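A.B. asks: Sharing a structure with you now.
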Amino acid sequence: MKLGVLTVPYQSLPLEEALDKLKAMGAESVELGTGNYPGSAHCSPDELLADEQKLQHFMDAIESRGLLISALSCHGNPLHPDAEIAEQDHQVWRQTVRLAERLSVPVVNVFSGCPGDYEGARYPNWVTCSWPPDYQTILDWQWNEVVIPYWKREAQFAKEHGIEKIAFEMHPGFVVYNPETLLKLREAVGDMIGANFDPSHLIWQGIDPIEAIKKLGRERAIFHVHAKDTYLDQANIRVNGVLDTKHYSEILDRSWSFRSVGYGMDTKVWKDIVSTLRAVNYDYVLSIEHEDMLASVDEGLGKAIKVLQEALFKEETTAMWWA
């Protein structure tokens with residue numbers, strides 16, 4: 001397994017300066033935002049696809065430092081009920097696929113998106129309960145009329161451009177938010193649908209990341225992994241539960257908060273995550289995503305890298321002489 005970093009926290013730096021910094025910190029690969037929520041400060045598909053010289057310079061900057069591009073990430077909502085937003089996010093997705101083809105990057109990271117509750121809606125509607133029965137009607141319409149048809153078309157588009165791994169980050173607020181919904185979309189669309197497995201979004205839902213890895217790993221449905229932690233404030237959870245709409249900055253009052261690796265779950269859990277990934281034959285990249293308001297980018301990433309360097313196995317397994 002390789003240690004990677006999503007470069008977005010260093011978006012204010014020029015690409016080569018960010019790469020030098022990450023390489024010096026111990027990164028072996030980078031994940032690059034190409035627009036939508038991650039932005040495109042280091043990797044603009046429109047610019048790179050329009051200028052062969054820029055594209056070559058971009059590739060040289062990464063390859064000359066001995067780095068791998070683990071994935072291109074364009075998390076957005078191409079299913080947004082606002083047609084303008086949906087079209088913008090859709091075009092970023094398609095340009096990202098075209099760029100991944102040119103760069104020979106095997107994985108594109110996305111969100112599933114979330115439609116509204118009917119054709120004329122203005123805002124997305126994430127359904128979190130089964131009753132009153134209106135919610136079942138909404139779910140049926142969202143999945144069968146919008147989500148599945150869209151991703152069937154886009155999976156075919158990706159395949160035509162040589163991309164066979166669309167990695168969905170299971171994120172609340174979107175229709176794919178846990179292993180069950182990921183596998184539902186995979187069953188409907190095909191095995192090029194898999195996970196960008198980010199434990200931070202699962203932990204606060206009460207999902208055990210180890211068991212989730214086992215579930216998805218048995219289906220060979222883990223394509224990419226984010227290393228990001230979540231702290232659970234048990235006192236606040238006991239009062240208000242885990243569904244929390246307070247701003248991330250209200251850390252003392254929230255039920256949970258994103259943290260650097262090792263500051264939510266202890267390091268033993270991260271070693272278990274690495275071991276379970278190896279047990280299901282995942283041998284690609286752990287890409288650190290820094291979103292910790294209590295640590296600077298440099299310090300948060302530095303501490304996460306140290307935890308993961310200790311946890312990662314770098315050598316091939318040996319024969320079982322004991323059995």
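Naming works like this for the structure tokens: A, B, ... for the chains as they're shown, residue 1 at the start of each chain, ligands 1 onward in shown order.
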If you count only C-alpha atoms, which residues fall within 10 Å of Trp151 in chain A, apart from same-chain ones fewer than 6 positions away, as number ranges by chain?

C.D. replies: A: 79, 112, 157-158, 166, 185-186, 188-190, 193

A.B. asks: Please produce a file of the residues just selected, as a JSON list (two decimals), in the first residue's frame, where the atoms kept are N, CA and C atoms.

C.D. replies:
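So part_20.json came out as:
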[["chain", "number", "residue", "atom", "x", "y", "z"],
["A", 79, "LEU", "N", -26.77, 15.55, -10.01],
["A", 79, "LEU", "CA", -28.20, 15.24, -9.95],
["A", 79, "LEU", "C", -28.98, 16.35, -9.26],
["A", 112, "SER", "N", -22.32, 10.42, -5.29],
["A", 112, "SER", "CA", -23.43, 9.91, -6.10],
["A", 112, "SER", "C", -24.35, 11.02, -6.55],
["A", 157, "PHE", "N", -20.14, 6.05, -20.46],
["A", 157, "PHE", "CA", -19.25, 7.12, -20.93],
["A", 157, "PHE", "C", -17.83, 6.90, -20.41],
["A", 158, "ALA", "N", -17.72, 6.58, -19.11],
["A", 158, "ALA", "CA", -16.41, 6.35, -18.52],
["A", 158, "ALA", "C", -15.71, 5.17, -19.18],
["A", 166, "ILE", "N", -15.14, 3.88, -11.00],
["A", 166, "ILE", "CA", -15.77, 5.09, -10.50],
["A", 166, "ILE", "C", -15.95, 4.88, -9.01],
["A", 185, "LEU", "N", -26.35, 0.61, -5.82],
["A", 185, "LEU", "CA", -26.01, 1.26, -7.09],
["A", 185, "LEU", "C", -25.12, 0.35, -7.92],
["A", 186, "ARG", "N", -24.18, -0.33, -7.28],
["A", 186, "ARG", "CA", -23.29, -1.25, -7.99],
["A", 186, "ARG", "C", -24.09, -2.38, -8.65],
["A", 188, "ALA", "N", -27.14, -2.25, -9.67],
["A", 188, "ALA", "CA", -27.95, -1.72, -10.76],
["A", 188, "ALA", "C", -27.11, -1.32, -11.97],
["A", 189, "VAL", "N", -25.87, -0.85, -11.73],
["A", 189, "VAL", "CA", -25.06, -0.27, -12.80],
["A", 189, "VAL", "C", -23.95, -1.20, -13.29],
["A", 190, "GLY", "N", -23.29, -1.90, -12.35],
["A", 190, "GLY", "CA", -22.21, -2.80, -12.74],
["A", 190, "GLY", "C", -21.02, -2.67, -11.84],
["A", 193, "ILE", "N", -18.67, 0.33, -10.49],
["A", 193, "ILE", "CA", -19.06, 1.16, -9.36],
["A", 193, "ILE", "C", -18.44, 0.58, -8.11]]

A.B. asks: Residues within 12 Å of Asp272 in chain A, please, as a PyMOL selection string. Count only C-alpha atoms; anything in the same chain fewer than 3 positions from it doesn't count.

C.D. replies: chain A and resi 208-211+213-214+265-269+275-279+308+311-313

A.B. asks: Print the selection's residues with C-alpha atoms to a file, as a tab-separated table (two decimals), in the first residue's frame.

C.D. replies:
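Result file follows (part-v8.tsv):
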chain	number	residue	atom	x	y	z
A	208	ASP	CA	-17.85	0.01	12.17
A	209	PRO	CA	-15.23	0.77	9.49
A	210	ILE	CA	-13.64	-2.66	9.90
A	211	GLU	CA	-16.92	-4.48	9.20
A	213	ILE	CA	-14.30	-2.93	4.76
A	214	LYS	CA	-15.04	-6.64	5.09
A	265	MET	CA	-10.09	6.73	16.70
A	266	ASP	CA	-6.94	5.48	18.39
A	267	THR	CA	-3.97	4.25	16.39
A	268	LYS	CA	-4.87	0.61	17.02
A	269	VAL	CA	-8.07	1.09	15.00
A	275	SER	CA	-4.77	-4.91	8.21
A	276	THR	CA	-8.36	-5.47	7.10
A	277	LEU	CA	-7.72	-3.69	3.81
A	278	ARG	CA	-4.79	-6.04	3.26
A	279	ALA	CA	-6.97	-9.03	4.21
A	308	LEU	CA	0.03	5.73	8.81
A	311	ALA	CA	0.58	1.23	10.36
A	312	LEU	CA	1.27	0.48	6.68
A	313	PHE	CA	2.87	-2.77	5.54

A.B. asks: When you look at Val175 in chain A with a cut-off of 9 Å (counting only C-alpha atoms), what residues show up, excluding the ones that are within fewer than 3 positions of it in the same chain? I need them as a VMD selection string.

C.D. replies: chain A and resid 111 to 115 126 to 127 139 142 to 143 147 170 to 172 178 181 to 182

A.B. asks: With C-alpha atoms retained, write the just-selected residues as an mmCIF file, in the first residue's frame.

C.D. replies:
data_model
loop_
_atom_site.group_PDB
_atom_site.id
_atom_site.type_symbol
_atom_site.label_atom_id
_atom_site.label_comp_id
_atom_site.auth_asym_id
_atom_site.auth_seq_id
_atom_site.Cartn_x
_atom_site.Cartn_y
_atom_site.Cartn_z
ATOM 1 C CA PHE A 111 -20.294 11.676 -4.919
ATOM 2 C CA SER A 112 -23.426 9.907 -6.099
ATOM 3 C CA GLY A 113 -25.368 13.155 -6.025
ATOM 4 C CA CYS A 114 -28.818 13.735 -4.575
ATOM 5 C CA PRO A 115 -31.919 14.832 -6.498
ATOM 6 C CA TRP A 126 -31.755 13.458 1.453
ATOM 7 C CA VAL A 127 -34.168 10.924 2.928
ATOM 8 C CA LEU A 139 -36.769 7.276 -2.589
ATOM 9 C CA GLN A 142 -34.964 9.326 -6.851
ATOM 10 C CA TRP A 143 -33.391 5.922 -7.404
ATOM 11 C CA VAL A 147 -29.924 8.075 -9.910
ATOM 12 C CA MET A 170 -20.218 7.309 0.856
ATOM 13 C CA HIS A 171 -21.330 10.651 2.249
ATOM 14 C CA PRO A 172 -24.511 11.621 4.111
ATOM 15 C CA ASN A 178 -23.289 3.669 3.408
ATOM 16 C CA THR A 181 -26.613 2.074 -0.804
ATOM 17 C CA LEU A 182 -23.244 1.737 -2.545
#

A.B. asks: Might you pull out every residue within 12 Å of Leu22 in chain A, with only C-alpha atoms counted and same-chain residues fewer than 3 positions away left off, and present them as a PyMOL selection string?

C.D. replies: chain A and resi 3-10+13+15-19+25-31+62+65-67+287-288+297-298+301-302+305

A.B. asks: For the contact check between range 53-99 of chain A and range 223-245 of chain A, emit one row per residue of range 53-99 of chain A within 12 Å, containing the shortest atom pair and the distance in Å rounded to one decimal, counting only C-alpha atoms, chain then rising number order, as a Markdown table.

C.D. replies:
| residue | atom | partner | partner_atom | distance |
| --- | --- | --- | --- | --- |
| A:Ile69 | CA | A:His224 | CA | 11.7 |
| A:Ser70 | CA | A:His224 | CA | 7.9 |
| A:Ala71 | CA | A:His224 | CA | 7.8 |
| A:Leu72 | CA | A:His224 | CA | 10.8 |
| A:Ser73 | CA | A:His224 | CA | 11.0 |

A.B. asks: Write out as a ChimeraX atom specification all residues of range 106-300 of chain A that DSSP puts in helix (DSSP H, G or I) for this structure's backbone.

C.D. replies: /A:134-160,179-189,199-203,209-218,234-240,267-279,297-300
